[in-house]
file structure-v1.pdb (PDB, C-alpha atoms)
ATOM      1  CA  MET M   1     -14.319   2.953 -13.145  1.00  0.00           C
ATOM      2  CA  ALA M   2     -16.294  -0.276 -12.662  1.00  0.00           C
ATOM      3  CA  GLY M   3     -17.565  -2.948 -15.025  1.00  0.00           C
ATOM      4  CA  PRO M   4     -16.331  -3.996 -18.469  1.00  0.00           C
ATOM      5  CA  HIS M   5     -15.102  -1.679 -21.201  1.00  0.00           C
ATOM      6  CA  PHE M   6     -13.941  -2.806 -24.629  1.00  0.00           C
ATOM      7  CA  LEU M   7     -11.013  -0.341 -24.690  1.00  0.00           C
ATOM      8  CA  ASP M   8      -9.503  -1.648 -21.438  1.00  0.00           C
ATOM      9  CA  TYR M   9      -8.377  -5.281 -21.450  1.00  0.00           C
ATOM     10  CA  THR M  10      -7.881  -5.224 -17.666  1.00  0.00           C
ATOM     11  CA  THR M  11     -11.562  -4.655 -16.872  1.00  0.00           C
ATOM     12  CA  LEU M  12     -13.758  -7.462 -15.587  1.00  0.00           C
ATOM     13  CA  GLU M  13     -16.739  -9.037 -17.296  1.00  0.00           C
ATOM     14  CA  ALA M  14     -18.965  -8.580 -14.268  1.00  0.00           C
ATOM     15  CA  GLY M  15     -20.444  -5.280 -13.241  1.00  0.00           C
ATOM     16  CA  PRO M  16     -20.005  -3.870  -9.729  1.00  0.00           C
ATOM     17  CA  THR M  17     -21.699  -5.389  -6.686  1.00  0.00           C
ATOM     18  CA  ASN M  18     -24.371  -3.381  -4.869  1.00  0.00           C
ATOM     19  CA  TYR M  19     -21.963  -2.356  -2.127  1.00  0.00           C
ATOM     20  CA  LEU M  20     -24.374  -0.158  -0.181  1.00  0.00           C
ATOM     21  CA  ALA M  21     -26.972  -2.911   0.167  1.00  0.00           C
ATOM     22  CA  ARG M  22     -24.539  -5.187   2.054  1.00  0.00           C
ATOM     23  CA  LEU M  23     -22.230  -2.653   3.677  1.00  0.00           C
ATOM     24  CA  ARG M  24     -23.391  -3.502   7.208  1.00  0.00           C
ATOM     25  CA  ASP M  25     -22.876  -7.274   7.018  1.00  0.00           C
ATOM     26  CA  GLY M  26     -19.921  -7.019   9.405  1.00  0.00           C
ATOM     27  CA  VAL M  27     -16.910  -9.276   9.920  1.00  0.00           C
ATOM     28  CA  LYS M  28     -18.136 -11.791  12.482  1.00  0.00           C
ATOM     29  CA  GLY M  29     -16.256 -15.075  12.128  1.00  0.00           C
ATOM     30  CA  LYS M  30     -13.717 -13.653   9.664  1.00  0.00           C
ATOM     31  CA  ARG M  31     -10.065 -14.625  10.003  1.00  0.00           C
ATOM     32  CA  ILE M  32      -8.001 -11.457  10.154  1.00  0.00           C
ATOM     33  CA  ALA M  33      -4.207 -11.323  10.030  1.00  0.00           C
ATOM     34  CA  TYR M  34      -2.303  -8.393  11.510  1.00  0.00           C
ATOM     35  CA  SER M  35       1.242  -7.393  10.633  1.00  0.00           C
ATOM     36  CA  PRO M  36       2.808  -4.371  12.331  1.00  0.00           C
ATOM     37  CA  ASP M  37       5.618  -4.010   9.770  1.00  0.00           C
ATOM     38  CA  LEU M  38       5.443  -6.781   7.093  1.00  0.00           C
ATOM     39  CA  GLY M  39       8.615  -8.081   8.724  1.00  0.00           C
ATOM     40  CA  PHE M  40      10.917  -5.262   7.661  1.00  0.00           C
ATOM     41  CA  ALA M  41       9.310  -1.801   7.552  1.00  0.00           C
ATOM     42  CA  ARG M  42      10.262   0.978   9.927  1.00  0.00           C
ATOM     43  CA  VAL M  43       7.191   2.467  11.644  1.00  0.00           C
ATOM     44  CA  ASP M  44       7.017   5.471  13.966  1.00  0.00           C
ATOM     45  CA  PRO M  45       6.150   4.362  17.538  1.00  0.00           C
ATOM     46  CA  GLU M  46       2.906   6.339  17.872  1.00  0.00           C
ATOM     47  CA  VAL M  47       1.675   5.032  14.518  1.00  0.00           C
ATOM     48  CA  ALA M  48       2.532   1.462  15.482  1.00  0.00           C
ATOM     49  CA  GLN M  49       0.768   1.766  18.842  1.00  0.00           C
ATOM     50  CA  LEU M  50      -2.469   3.121  17.374  1.00  0.00           C
ATOM     51  CA  VAL M  51      -2.587   0.534  14.575  1.00  0.00           C
ATOM     52  CA  ARG M  52      -1.960  -2.337  17.006  1.00  0.00           C
ATOM     53  CA  ALA M  53      -4.799  -1.141  19.238  1.00  0.00           C
ATOM     54  CA  ALA M  54      -7.110  -0.800  16.219  1.00  0.00           C
ATOM     55  CA  ALA M  55      -6.329  -4.329  15.013  1.00  0.00           C
ATOM     56  CA  ALA M  56      -7.176  -5.753  18.431  1.00  0.00           C
ATOM     57  CA  ARG M  57     -10.609  -4.081  18.346  1.00  0.00           C
ATOM     58  CA  PHE M  58     -11.741  -6.323  15.493  1.00  0.00           C
ATOM     59  CA  THR M  59     -12.219  -9.072  18.098  1.00  0.00           C
ATOM     60  CA  GLU M  60     -15.031  -6.900  19.500  1.00  0.00           C
ATOM     61  CA  LEU M  61     -16.724  -7.300  16.111  1.00  0.00           C
ATOM     62  CA  GLY M  62     -16.603 -11.087  16.349  1.00  0.00           C
ATOM     63  CA  ALA M  63     -13.562 -11.598  14.129  1.00  0.00           C
ATOM     64  CA  ILE M  64     -10.548 -13.796  14.882  1.00  0.00           C
ATOM     65  CA  VAL M  65      -7.392 -11.653  14.877  1.00  0.00           C
ATOM     66  CA  GLU M  66      -3.863 -13.029  14.873  1.00  0.00           C
ATOM     67  CA  GLU M  67      -0.485 -11.342  14.515  1.00  0.00           C
ATOM     68  CA  VAL M  68       1.286 -13.144  11.687  1.00  0.00           C
ATOM     69  CA  SER M  69       4.434 -13.290   9.612  1.00  0.00           C
ATOM     70  CA  THR M  70       4.316 -12.381   5.925  1.00  0.00           C
ATOM     71  CA  PRO M  71       7.136 -14.367   4.303  1.00  0.00           C
ATOM     72  CA  TRP M  72       6.201 -13.166   0.810  1.00  0.00           C
ATOM     73  CA  ALA M  73       6.973  -9.557   1.786  1.00  0.00           C
ATOM     74  CA  LYS M  74      10.759  -9.881   1.957  1.00  0.00           C
ATOM     75  CA  ASP M  75      11.260  -9.419  -1.797  1.00  0.00           C
ATOM     76  CA  GLY M  76       8.988  -6.390  -2.045  1.00  0.00           C
ATOM     77  CA  PRO M  77      11.457  -3.576  -1.241  1.00  0.00           C
ATOM     78  CA  GLU M  78      13.894  -4.575  -3.986  1.00  0.00           C
ATOM     79  CA  LEU M  79      11.126  -5.071  -6.525  1.00  0.00           C
ATOM     80  CA  ILE M  80       9.334  -1.780  -5.980  1.00  0.00           C
ATOM     81  CA  ARG M  81      12.514   0.265  -6.037  1.00  0.00           C
ATOM     82  CA  PHE M  82      13.600  -1.399  -9.248  1.00  0.00           C
ATOM     83  CA  PHE M  83      10.326  -0.909 -11.094  1.00  0.00           C
ATOM     84  CA  TRP M  84       9.586   2.534  -9.680  1.00  0.00           C
ATOM     85  CA  SER M  85      12.810   3.846 -11.148  1.00  0.00           C
ATOM     86  CA  ALA M  86      12.925   1.694 -14.306  1.00  0.00           C
ATOM     87  CA  HIS M  87       9.436   2.753 -15.375  1.00  0.00           C
ATOM     88  CA  LEU M  88      10.421   6.399 -15.153  1.00  0.00           C
ATOM     89  CA  THR M  89      13.390   6.145 -17.500  1.00  0.00           C
ATOM     90  CA  SER M  90      11.112   7.036 -20.412  1.00  0.00           C
ATOM     91  CA  LEU M  91      11.070  10.556 -18.961  1.00  0.00           C
ATOM     92  CA  SER M  92      14.846  10.953 -19.276  1.00  0.00           C
ATOM     93  CA  LYS M  93      14.389  12.688 -22.632  1.00  0.00           C
ATOM     94  CA  TYR M  94      12.898  15.677 -20.799  1.00  0.00           C
ATOM     95  CA  ILE M  95      15.818  16.189 -18.415  1.00  0.00           C
ATOM     96  CA  PRO M  96      18.149  18.168 -20.725  1.00  0.00           C
ATOM     97  CA  ARG M  97      15.556  20.883 -21.270  1.00  0.00           C
ATOM     98  CA  TRP M  98      13.401  20.757 -18.157  1.00  0.00           C
ATOM     99  CA  GLU M  99      15.595  19.592 -15.269  1.00  0.00           C
ATOM    100  CA  VAL M 100      15.617  22.994 -13.589  1.00  0.00           C
ATOM    101  CA  GLU M 101      11.792  22.889 -13.518  1.00  0.00           C
ATOM    102  CA  MET M 102      11.529  19.269 -12.355  1.00  0.00           C
ATOM    103  CA  ASP M 103      11.402  17.880  -8.849  1.00  0.00           C
ATOM    104  CA  PRO M 104      14.976  16.893  -7.858  1.00  0.00           C
ATOM    105  CA  GLY M 105      13.756  13.601  -6.383  1.00  0.00           C
ATOM    106  CA  LEU M 106      12.050  12.721  -9.667  1.00  0.00           C
ATOM    107  CA  VAL M 107      15.206  13.493 -11.641  1.00  0.00           C
ATOM    108  CA  ALA M 108      17.302  11.346  -9.282  1.00  0.00           C
ATOM    109  CA  CYS M 109      14.833   8.471  -9.609  1.00  0.00           C
ATOM    110  CA  ILE M 110      14.836   8.675 -13.415  1.00  0.00           C
ATOM    111  CA  ARG M 111      18.634   8.612 -13.531  1.00  0.00           C
ATOM    112  CA  HIS M 112      18.918   5.734 -11.069  1.00  0.00           C
ATOM    113  CA  SER M 113      17.923   3.117 -13.680  1.00  0.00           C
ATOM    114  CA  LYS M 114      19.503   4.605 -16.788  1.00  0.00           C
ATOM    115  CA  ASN M 115      21.747   1.522 -17.263  1.00  0.00           C
ATOM    116  CA  VAL M 116      19.120  -1.175 -16.650  1.00  0.00           C
ATOM    117  CA  SER M 117      19.187  -3.789 -19.431  1.00  0.00           C
ATOM    118  CA  VAL M 118      16.288  -5.657 -20.999  1.00  0.00           C
ATOM    119  CA  GLU M 119      17.633  -8.871 -19.457  1.00  0.00           C
ATOM    120  CA  GLN M 120      17.610  -7.330 -15.979  1.00  0.00           C
ATOM    121  CA  TYR M 121      14.092  -6.035 -16.479  1.00  0.00           C
ATOM    122  CA  GLN M 122      12.799  -9.424 -17.605  1.00  0.00           C
ATOM    123  CA  GLU M 123      14.416 -11.178 -14.654  1.00  0.00           C
ATOM    124  CA  MET M 124      12.813  -8.751 -12.209  1.00  0.00           C
ATOM    125  CA  ARG M 125       9.484  -9.179 -13.972  1.00  0.00           C
ATOM    126  CA  TYR M 126       9.624 -12.948 -13.394  1.00  0.00           C
ATOM    127  CA  ARG M 127      10.409 -12.306  -9.720  1.00  0.00           C
ATOM    128  CA  LYS M 128       7.449  -9.940  -9.515  1.00  0.00           C
ATOM    129  CA  LEU M 129       5.100 -12.621 -10.901  1.00  0.00           C
ATOM    130  CA  ASP M 130       6.327 -15.047  -8.214  1.00  0.00           C
ATOM    131  CA  TYR M 131       5.913 -12.346  -5.572  1.00  0.00           C
ATOM    132  CA  VAL M 132       2.308 -11.688  -6.583  1.00  0.00           C
ATOM    133  CA  ALA M 133       1.482 -15.415  -6.716  1.00  0.00           C
ATOM    134  CA  ASN M 134       2.883 -15.845  -3.200  1.00  0.00           C
ATOM    135  CA  ILE M 135       0.657 -13.051  -1.888  1.00  0.00           C
ATOM    136  CA  HIS M 136      -2.433 -14.741  -3.292  1.00  0.00           C
ATOM    137  CA  ARG M 137      -1.401 -18.165  -1.939  1.00  0.00           C
ATOM    138  CA  TRP M 138      -0.939 -16.605   1.494  1.00  0.00           C
ATOM    139  CA  PHE M 139      -4.407 -15.041   1.386  1.00  0.00           C
ATOM    140  CA  GLN M 140      -5.987 -18.479   1.028  1.00  0.00           C
ATOM    141  CA  ASP M 141      -5.701 -18.741   4.827  1.00  0.00           C
ATOM    142  CA  TRP M 142      -6.958 -15.244   5.676  1.00  0.00           C
ATOM    143  CA  ASP M 143      -9.950 -13.058   4.913  1.00  0.00           C
ATOM    144  CA  PHE M 144      -8.144  -9.788   5.610  1.00  0.00           C
ATOM    145  CA  LEU M 145      -4.743  -8.372   6.477  1.00  0.00           C
ATOM    146  CA  LEU M 146      -4.352  -5.323   8.728  1.00  0.00           C
ATOM    147  CA  THR M 147      -1.272  -3.086   8.570  1.00  0.00           C
ATOM    148  CA  PRO M 148      -0.439   0.576   9.015  1.00  0.00           C
ATOM    149  CA  SER M 149      -1.431   2.628   5.977  1.00  0.00           C
ATOM    150  CA  ALA M 150       1.852   4.525   6.191  1.00  0.00           C
ATOM    151  CA  SER M 151       4.776   4.532   8.596  1.00  0.00           C
ATOM    152  CA  VAL M 152       4.457   8.208   9.506  1.00  0.00           C
ATOM    153  CA  THR M 153       1.882  10.928   9.972  1.00  0.00           C
ATOM    154  CA  ALA M 154       1.634  13.983   7.746  1.00  0.00           C
ATOM    155  CA  PHE M 155       4.731  16.153   7.275  1.00  0.00           C
ATOM    156  CA  PRO M 156       5.376  19.279   5.165  1.00  0.00           C
ATOM    157  CA  ALA M 157       4.472  18.704   1.510  1.00  0.00           C
ATOM    158  CA  GLU M 158       7.706  20.188   0.200  1.00  0.00           C
ATOM    159  CA  LYS M 159       9.766  17.518   1.953  1.00  0.00           C
ATOM    160  CA  LEU M 160      10.559  14.069   0.539  1.00  0.00           C
ATOM    161  CA  MET M 161      11.026  12.552   3.991  1.00  0.00           C
ATOM    162  CA  PRO M 162      10.082  13.544   7.545  1.00  0.00           C
ATOM    163  CA  ASP M 163      12.870  15.368   9.360  1.00  0.00           C
ATOM    164  CA  HIS M 164      13.454  12.461  11.755  1.00  0.00           C
ATOM    165  CA  TRP M 165      13.918   9.909   8.927  1.00  0.00           C
ATOM    166  CA  PRO M 166      17.092   9.177   6.901  1.00  0.00           C
ATOM    167  CA  THR M 167      17.582  11.330   3.829  1.00  0.00           C
ATOM    168  CA  HIS M 168      17.741   9.874   0.324  1.00  0.00           C
ATOM    169  CA  PRO M 169      17.895  11.486  -3.131  1.00  0.00           C
ATOM    170  CA  TRP M 170      14.577   9.926  -4.231  1.00  0.00           C
ATOM    171  CA  ASP M 171      13.444   6.989  -2.081  1.00  0.00           C
ATOM    172  CA  TRP M 172      10.354   8.228  -0.256  1.00  0.00           C
ATOM    173  CA  ILE M 173       9.027   4.652  -0.395  1.00  0.00           C
ATOM    174  CA  MET M 174      10.721   4.041   2.967  1.00  0.00           C
ATOM    175  CA  TRP M 175       7.694   5.483   4.774  1.00  0.00           C
ATOM    176  CA  ALA M 176       5.167   3.947   2.335  1.00  0.00           C
ATOM    177  CA  GLU M 177       6.095   0.256   2.382  1.00  0.00           C
ATOM    178  CA  PHE M 178       2.511  -0.960   2.906  1.00  0.00           C
ATOM    179  CA  SER M 179       0.816   0.134  -0.327  1.00  0.00           C
ATOM    180  CA  TYR M 180       2.862  -1.195  -3.229  1.00  0.00           C
ATOM    181  CA  PRO M 181       2.541  -4.947  -2.484  1.00  0.00           C
ATOM    182  CA  PHE M 182      -1.167  -4.718  -3.202  1.00  0.00           C
ATOM    183  CA  ASN M 183      -0.766  -2.273  -6.065  1.00  0.00           C
ATOM    184  CA  MET M 184       1.280  -5.006  -7.706  1.00  0.00           C
ATOM    185  CA  SER M 185      -1.000  -7.907  -6.711  1.00  0.00           C
ATOM    186  CA  TRP M 186      -4.295  -6.043  -7.292  1.00  0.00           C
ATOM    187  CA  ASN M 187      -5.688  -6.927  -3.881  1.00  0.00           C
ATOM    188  CA  PRO M 188      -8.336  -4.419  -2.784  1.00  0.00           C
ATOM    189  CA  ALA M 189      -7.318  -2.254   0.158  1.00  0.00           C
ATOM    190  CA  ALA M 190      -8.758   0.635   2.150  1.00  0.00           C
ATOM    191  CA  SER M 191      -7.278   3.099   4.616  1.00  0.00           C
ATOM    192  CA  VAL M 192      -9.397   4.008   7.643  1.00  0.00           C
ATOM    193  CA  PRO M 193      -8.462   6.566  10.323  1.00  0.00           C
ATOM    194  CA  CYS M 194      -7.781   4.645  13.526  1.00  0.00           C
ATOM    195  CA  GLY M 195      -6.656   7.339  15.945  1.00  0.00           C
ATOM    196  CA  PHE M 196      -4.739  10.548  16.429  1.00  0.00           C
ATOM    197  CA  THR M 197      -1.220  11.212  17.639  1.00  0.00           C
ATOM    198  CA  SER M 198      -0.353  13.409  20.598  1.00  0.00           C
ATOM    199  CA  THR M 199      -0.054  16.311  18.130  1.00  0.00           C
ATOM    200  CA  GLY M 200      -3.526  15.665  16.690  1.00  0.00           C
ATOM    201  CA  LEU M 201      -2.474  14.092  13.392  1.00  0.00           C
ATOM    202  CA  PRO M 202      -4.527  11.167  12.035  1.00  0.00           C
ATOM    203  CA  VAL M 203      -3.123   7.658  11.662  1.00  0.00           C
ATOM    204  CA  GLY M 204      -4.428   5.203   9.066  1.00  0.00           C
ATOM    205  CA  LEU M 205      -5.222   1.507   9.397  1.00  0.00           C
ATOM    206  CA  GLN M 206      -4.938  -0.407   6.113  1.00  0.00           C
ATOM    207  CA  ILE M 207      -7.433  -3.223   5.488  1.00  0.00           C
ATOM    208  CA  VAL M 208      -6.453  -5.589   2.663  1.00  0.00           C
ATOM    209  CA  GLY M 209      -8.706  -8.287   1.240  1.00  0.00           C
ATOM    210  CA  LYS M 210      -8.493 -11.212  -1.137  1.00  0.00           C
ATOM    211  CA  ARG M 211      -8.408 -10.428  -4.843  1.00  0.00           C
ATOM    212  CA  PHE M 212     -11.856  -9.277  -6.048  1.00  0.00           C
ATOM    213  CA  ASN M 213     -13.247  -9.002  -2.497  1.00  0.00           C
ATOM    214  CA  ASP M 214     -13.793  -5.258  -2.661  1.00  0.00           C
ATOM    215  CA  LEU M 215     -17.124  -5.695  -0.879  1.00  0.00           C
ATOM    216  CA  GLY M 216     -15.466  -7.480   2.026  1.00  0.00           C
ATOM    217  CA  VAL M 217     -12.912  -4.693   2.453  1.00  0.00           C
ATOM    218  CA  LEU M 218     -15.686  -2.094   2.492  1.00  0.00           C
ATOM    219  CA  GLN M 219     -17.639  -4.156   5.028  1.00  0.00           C
ATOM    220  CA  ALA M 220     -14.602  -4.421   7.295  1.00  0.00           C
ATOM    221  CA  ALA M 221     -13.938  -0.691   6.992  1.00  0.00           C
ATOM    222  CA  ALA M 222     -17.571   0.155   7.729  1.00  0.00           C
ATOM    223  CA  ALA M 223     -17.621  -2.155  10.755  1.00  0.00           C
ATOM    224  CA  PHE M 224     -14.511  -0.530  12.195  1.00  0.00           C
ATOM    225  CA  GLU M 225     -15.859   2.980  11.552  1.00  0.00           C
ATOM    226  CA  GLN M 226     -19.023   2.089  13.477  1.00  0.00           C
ATOM    227  CA  LEU M 227     -16.925   0.811  16.355  1.00  0.00           C
ATOM    228  CA  GLN M 228     -14.522   3.751  16.318  1.00  0.00           C
ATOM    229  CA  PRO M 229     -16.131   6.744  14.518  1.00  0.00           C
ATOM    230  CA  TRP M 230     -13.960   9.599  13.365  1.00  0.00           C
ATOM    231  CA  ALA M 231     -15.951  11.657  10.837  1.00  0.00           C
ATOM    232  CA  ASP M 232     -16.881  14.284  13.421  1.00  0.00           C
ATOM    233  CA  LYS M 233     -13.222  15.143  14.045  1.00  0.00           C
ATOM    234  CA  ARG M 234     -11.915  18.369  12.570  1.00  0.00           C
ATOM    235  CA  PRO M 235      -8.328  19.663  12.424  1.00  0.00           C
ATOM    236  CA  GLN M 236      -7.421  22.519  14.696  1.00  0.00           C
ATOM    237  CA  LEU M 237      -7.006  25.829  12.896  1.00  0.00           C
TER     238      LEU M 237
END
call {"tool": "encode", "arguments": {"input": "structure-v1.pdb", "output": "C-alpha cells"}}
result
Amino acid sequence: MAGPHFLDYTTLEAGPTNYLARLRDGVKGKRIAYSPDLGFARVDPEVAQLVRAAAARFTELGAIVEEVSTPWAKDGPELIRFFWSAHLTSLSKYIPRWEVEMDPGLVACIRHSKNVSVEQYQEMRYRKLDYVANIHRWFQDWDFLLTPSASVTAFPAEKLMPDHWPTHPWDWIMWAEFSYPFNMSWNPAASVPCGFTSTGLPVGLQIVGKRFNDLGVLQAAAAFEQLQPWADKRPQL
C-alpha cells in the first residue's frame, strides 16, 4: 500500500516515511484552520459542539487555530453527486436480473445518471480539476484543516439516513459531506474520536493535511490523542 509499484501508475517514486520515529513531534507553531460545516453542511448539534471544543484544544498543543471560510467547498456537493451516480451506471446491466437482490438505494443511484452524456461528463470533469486545484491553493496558507468526520453519530446499519434526517432514494452523502473533497484532491486525512454524545456514541474529528503530508496528519492525530485519550473507552453492552 506504500511505495512505488510498476503496475500502478498512481504510486509515488519515494518509499514511505518512518512514521513511528517522528510520531511525537507535535504541532507546536502549526497553523490550523477549523471549519464547522465547510460553509454548507448540516451537522447535528451534539456533533458540532464536540468538534468545536476539540478544535479549540489544539491551542493547548501550541498550534494557532482559526475558524475559517472554505470558498472552494461550494462546488463540492454538485460534483460528488454527479460522479457518484455517473460512475455507477456501468452496473445498470445487472439491474434486469438482480434488482430484487440489490440494495434499493444503489439501484436508485445507478438509474439517476442513465441519461448523462459524454459532453456533460467532460464538463463536470473540468470543474472537478478546478475544484481540486482550488483546495490545494487554499492549503498553501494552512498546515491542517479540522472538520467533523461525519455529521451524525452511528445509526442502524439497515438505514440509509438517520430517522431525524430528510429521506432520499439514494443520497446518503448528506451526512458525509466532509470526506469526498479530500478523496477527490488526495489530501491525507484522519478521523480521531473527540468525545461522546449524551447517549454514549463516539464523535469523530477529521484532521486534513497538505498533499503528501501524511506524516503531519499522523503527528496531529497523535498529539490530540495524547491530550484527549480515548482508547480505554468501551461501549456499554
call {"tool": "residues_around", "arguments": {"input": "structure-v1.pdb", "residues": "M:Pro193", "least_positions_apart": "3", "cutoff": "10 Å", "atoms": "all atoms listed in the file", "output": "VMD selection string"}}
result
chain M and resid 50 to 51 54 149 196 202 to 206 221 224 to 225 228 to 231
call {"tool": "resolve_selection", "arguments": {"input": "structure-v1.pdb", "expression": "the PyMOL selection byres ((chain M and resi 215) around 12)", "output": "PyMOL selection string"}}
result
chain M and resi 16-27+143-144+187-190+207-214+216-222
call {"tool": "write_last_selection", "arguments": {"input": "structure-v1.pdb", "atoms": "C-alpha atoms", "output": "short mmCIF file (atom, residue, chain, number, x, y, z; two decimals), keeping the file's coordinate frame"}}
result
data_model
loop_
_atom_site.label_atom_id
_atom_site.label_comp_id
_atom_site.auth_asym_id
_atom_site.auth_seq_id
_atom_site.Cartn_x
_atom_site.Cartn_y
_atom_site.Cartn_z
CA PRO M 16 -20.00 -3.87 -9.73
CA THR M 17 -21.70 -5.39 -6.69
CA ASN M 18 -24.37 -3.38 -4.87
CA TYR M 19 -21.96 -2.36 -2.13
CA LEU M 20 -24.37 -0.16 -0.18
CA ALA M 21 -26.97 -2.91 0.17
CA ARG M 22 -24.54 -5.19 2.05
CA LEU M 23 -22.23 -2.65 3.68
CA ARG M 24 -23.39 -3.50 7.21
CA ASP M 25 -22.88 -7.27 7.02
CA GLY M 26 -19.92 -7.02 9.40
CA VAL M 27 -16.91 -9.28 9.92
CA ASP M 143 -9.95 -13.06 4.91
CA PHE M 144 -8.14 -9.79 5.61
CA ASN M 187 -5.69 -6.93 -3.88
CA PRO M 188 -8.34 -4.42 -2.78
CA ALA M 189 -7.32 -2.25 0.16
CA ALA M 190 -8.76 0.64 2.15
CA ILE M 207 -7.43 -3.22 5.49
CA VAL M 208 -6.45 -5.59 2.66
CA GLY M 209 -8.71 -8.29 1.24
CA LYS M 210 -8.49 -11.21 -1.14
CA ARG M 211 -8.41 -10.43 -4.84
CA PHE M 212 -11.86 -9.28 -6.05
CA ASN M 213 -13.25 -9.00 -2.50
CA ASP M 214 -13.79 -5.26 -2.66
CA GLY M 216 -15.47 -7.48 2.03
CA VAL M 217 -12.91 -4.69 2.45
CA LEU M 218 -15.69 -2.09 2.49
CA GLN M 219 -17.64 -4.16 5.03
CA ALA M 220 -14.60 -4.42 7.30
CA ALA M 221 -13.94 -0.69 6.99
CA ALA M 222 -17.57 0.16 7.73
#
call {"tool": "residues_around", "arguments": {"input": "structure-v1.pdb", "residues": "M:Pro36", "least_positions_apart": "6", "cutoff": "10 Å", "atoms": "all atoms listed in the file", "output": "CSV table (one decimal) with C-alpha atoms, keeping the file's coordinate frame"}}
result
chain,number,residue,atom,x,y,z
M,42,ARG,CA,10.3,1.0,9.9
M,43,VAL,CA,7.2,2.5,11.6
M,47,VAL,CA,1.7,5.0,14.5
M,48,ALA,CA,2.5,1.5,15.5
M,49,GLN,CA,0.8,1.8,18.8
M,51,VAL,CA,-2.6,0.5,14.6
M,52,ARG,CA,-2.0,-2.3,17.0
M,55,ALA,CA,-6.3,-4.3,15.0
M,67,GLU,CA,-0.5,-11.3,14.5
M,68,VAL,CA,1.3,-13.1,11.7
M,69,SER,CA,4.4,-13.3,9.6
M,146,LEU,CA,-4.4,-5.3,8.7
M,147,THR,CA,-1.3,-3.1,8.6
M,148,PRO,CA,-0.4,0.6,9.0
M,151,SER,CA,4.8,4.5,8.6
call {"tool": "closest_residue", "arguments": {"input": "structure-v1.pdb", "among": "M:Cys109, M:Ile135, M:Leu145, M:Ile95", "to": "M:Lys30", "atoms": "only C-alpha atoms"}}
result
M:Leu145
call {"tool": "atom_distance", "arguments": {"input": "structure-v1.pdb", "atom1": "atom CA of M:Trp138", "atom2": "atom CA of M:Met1"}}
result
27.9 Å
call {"tool": "resolve_selection", "arguments": {"input": "structure-v1.pdb", "expression": "the PyMOL selection byres ((chain M and resi 131) around 8)", "output": "VMD selection string"}}
result
chain M and resid 72 to 73 75 to 76 127 to 130 132 to 135
call {"tool": "resolve_selection", "arguments": {"input": "structure-v1.pdb", "expression": "the PyMOL selection byres ((chain M and resi 162-166) around 12)", "output": "list in words"}}
result
Arg42, Val43, Asp44, Ser151, Val152, Thr153, Ala154, Phe155, Pro156, Ala157, Glu158, Lys159, Leu160, Met161, Thr167, His168, Pro169, Trp170, Asp171, Trp172, Ile173, Met174, Trp175 and Ala176 of chain M
call {"tool": "residues_around", "arguments": {"input": "structure-v1.pdb", "residues": "M:Leu88", "least_positions_apart": "2", "cutoff": "9 Å", "atoms": "all atoms listed in the file", "output": "list of chain:residue names"}}
result
M:Phe83, M:Trp84, M:Ser85, M:Ala86, M:Ser90, M:Leu91, M:Ser92, M:Leu106, M:Cys109, M:Ile110, M:Arg111, M:Ser113
call {"tool": "atom_distance", "arguments": {"input": "structure-v1.pdb", "atom1": "atom CA of M:Ile80", "atom2": "atom CA of M:Pro181"}}
result
8.3 Å
call {"tool": "atom_distance", "arguments": {"input": "structure-v1.pdb", "atom1": "atom CA of M:Arg57", "atom2": "atom CA of M:Pro77"}}
result
29.5 Å
call {"tool": "closest_residue", "arguments": {"input": "structure-v1.pdb", "among": "M:Ala53, M:Glu119, M:Thr70, M:Thr89", "to": "M:Gly195", "atoms": "only C-alpha atoms"}}
result
M:Ala53
call {"tool": "closest_residue", "arguments": {"input": "structure-v1.pdb", "among": "M:Phe178, M:Phe139, M:Trp98, M:Phe82", "to": "M:Ser117", "atoms": "all atoms listed in the file"}}
result
M:Phe82
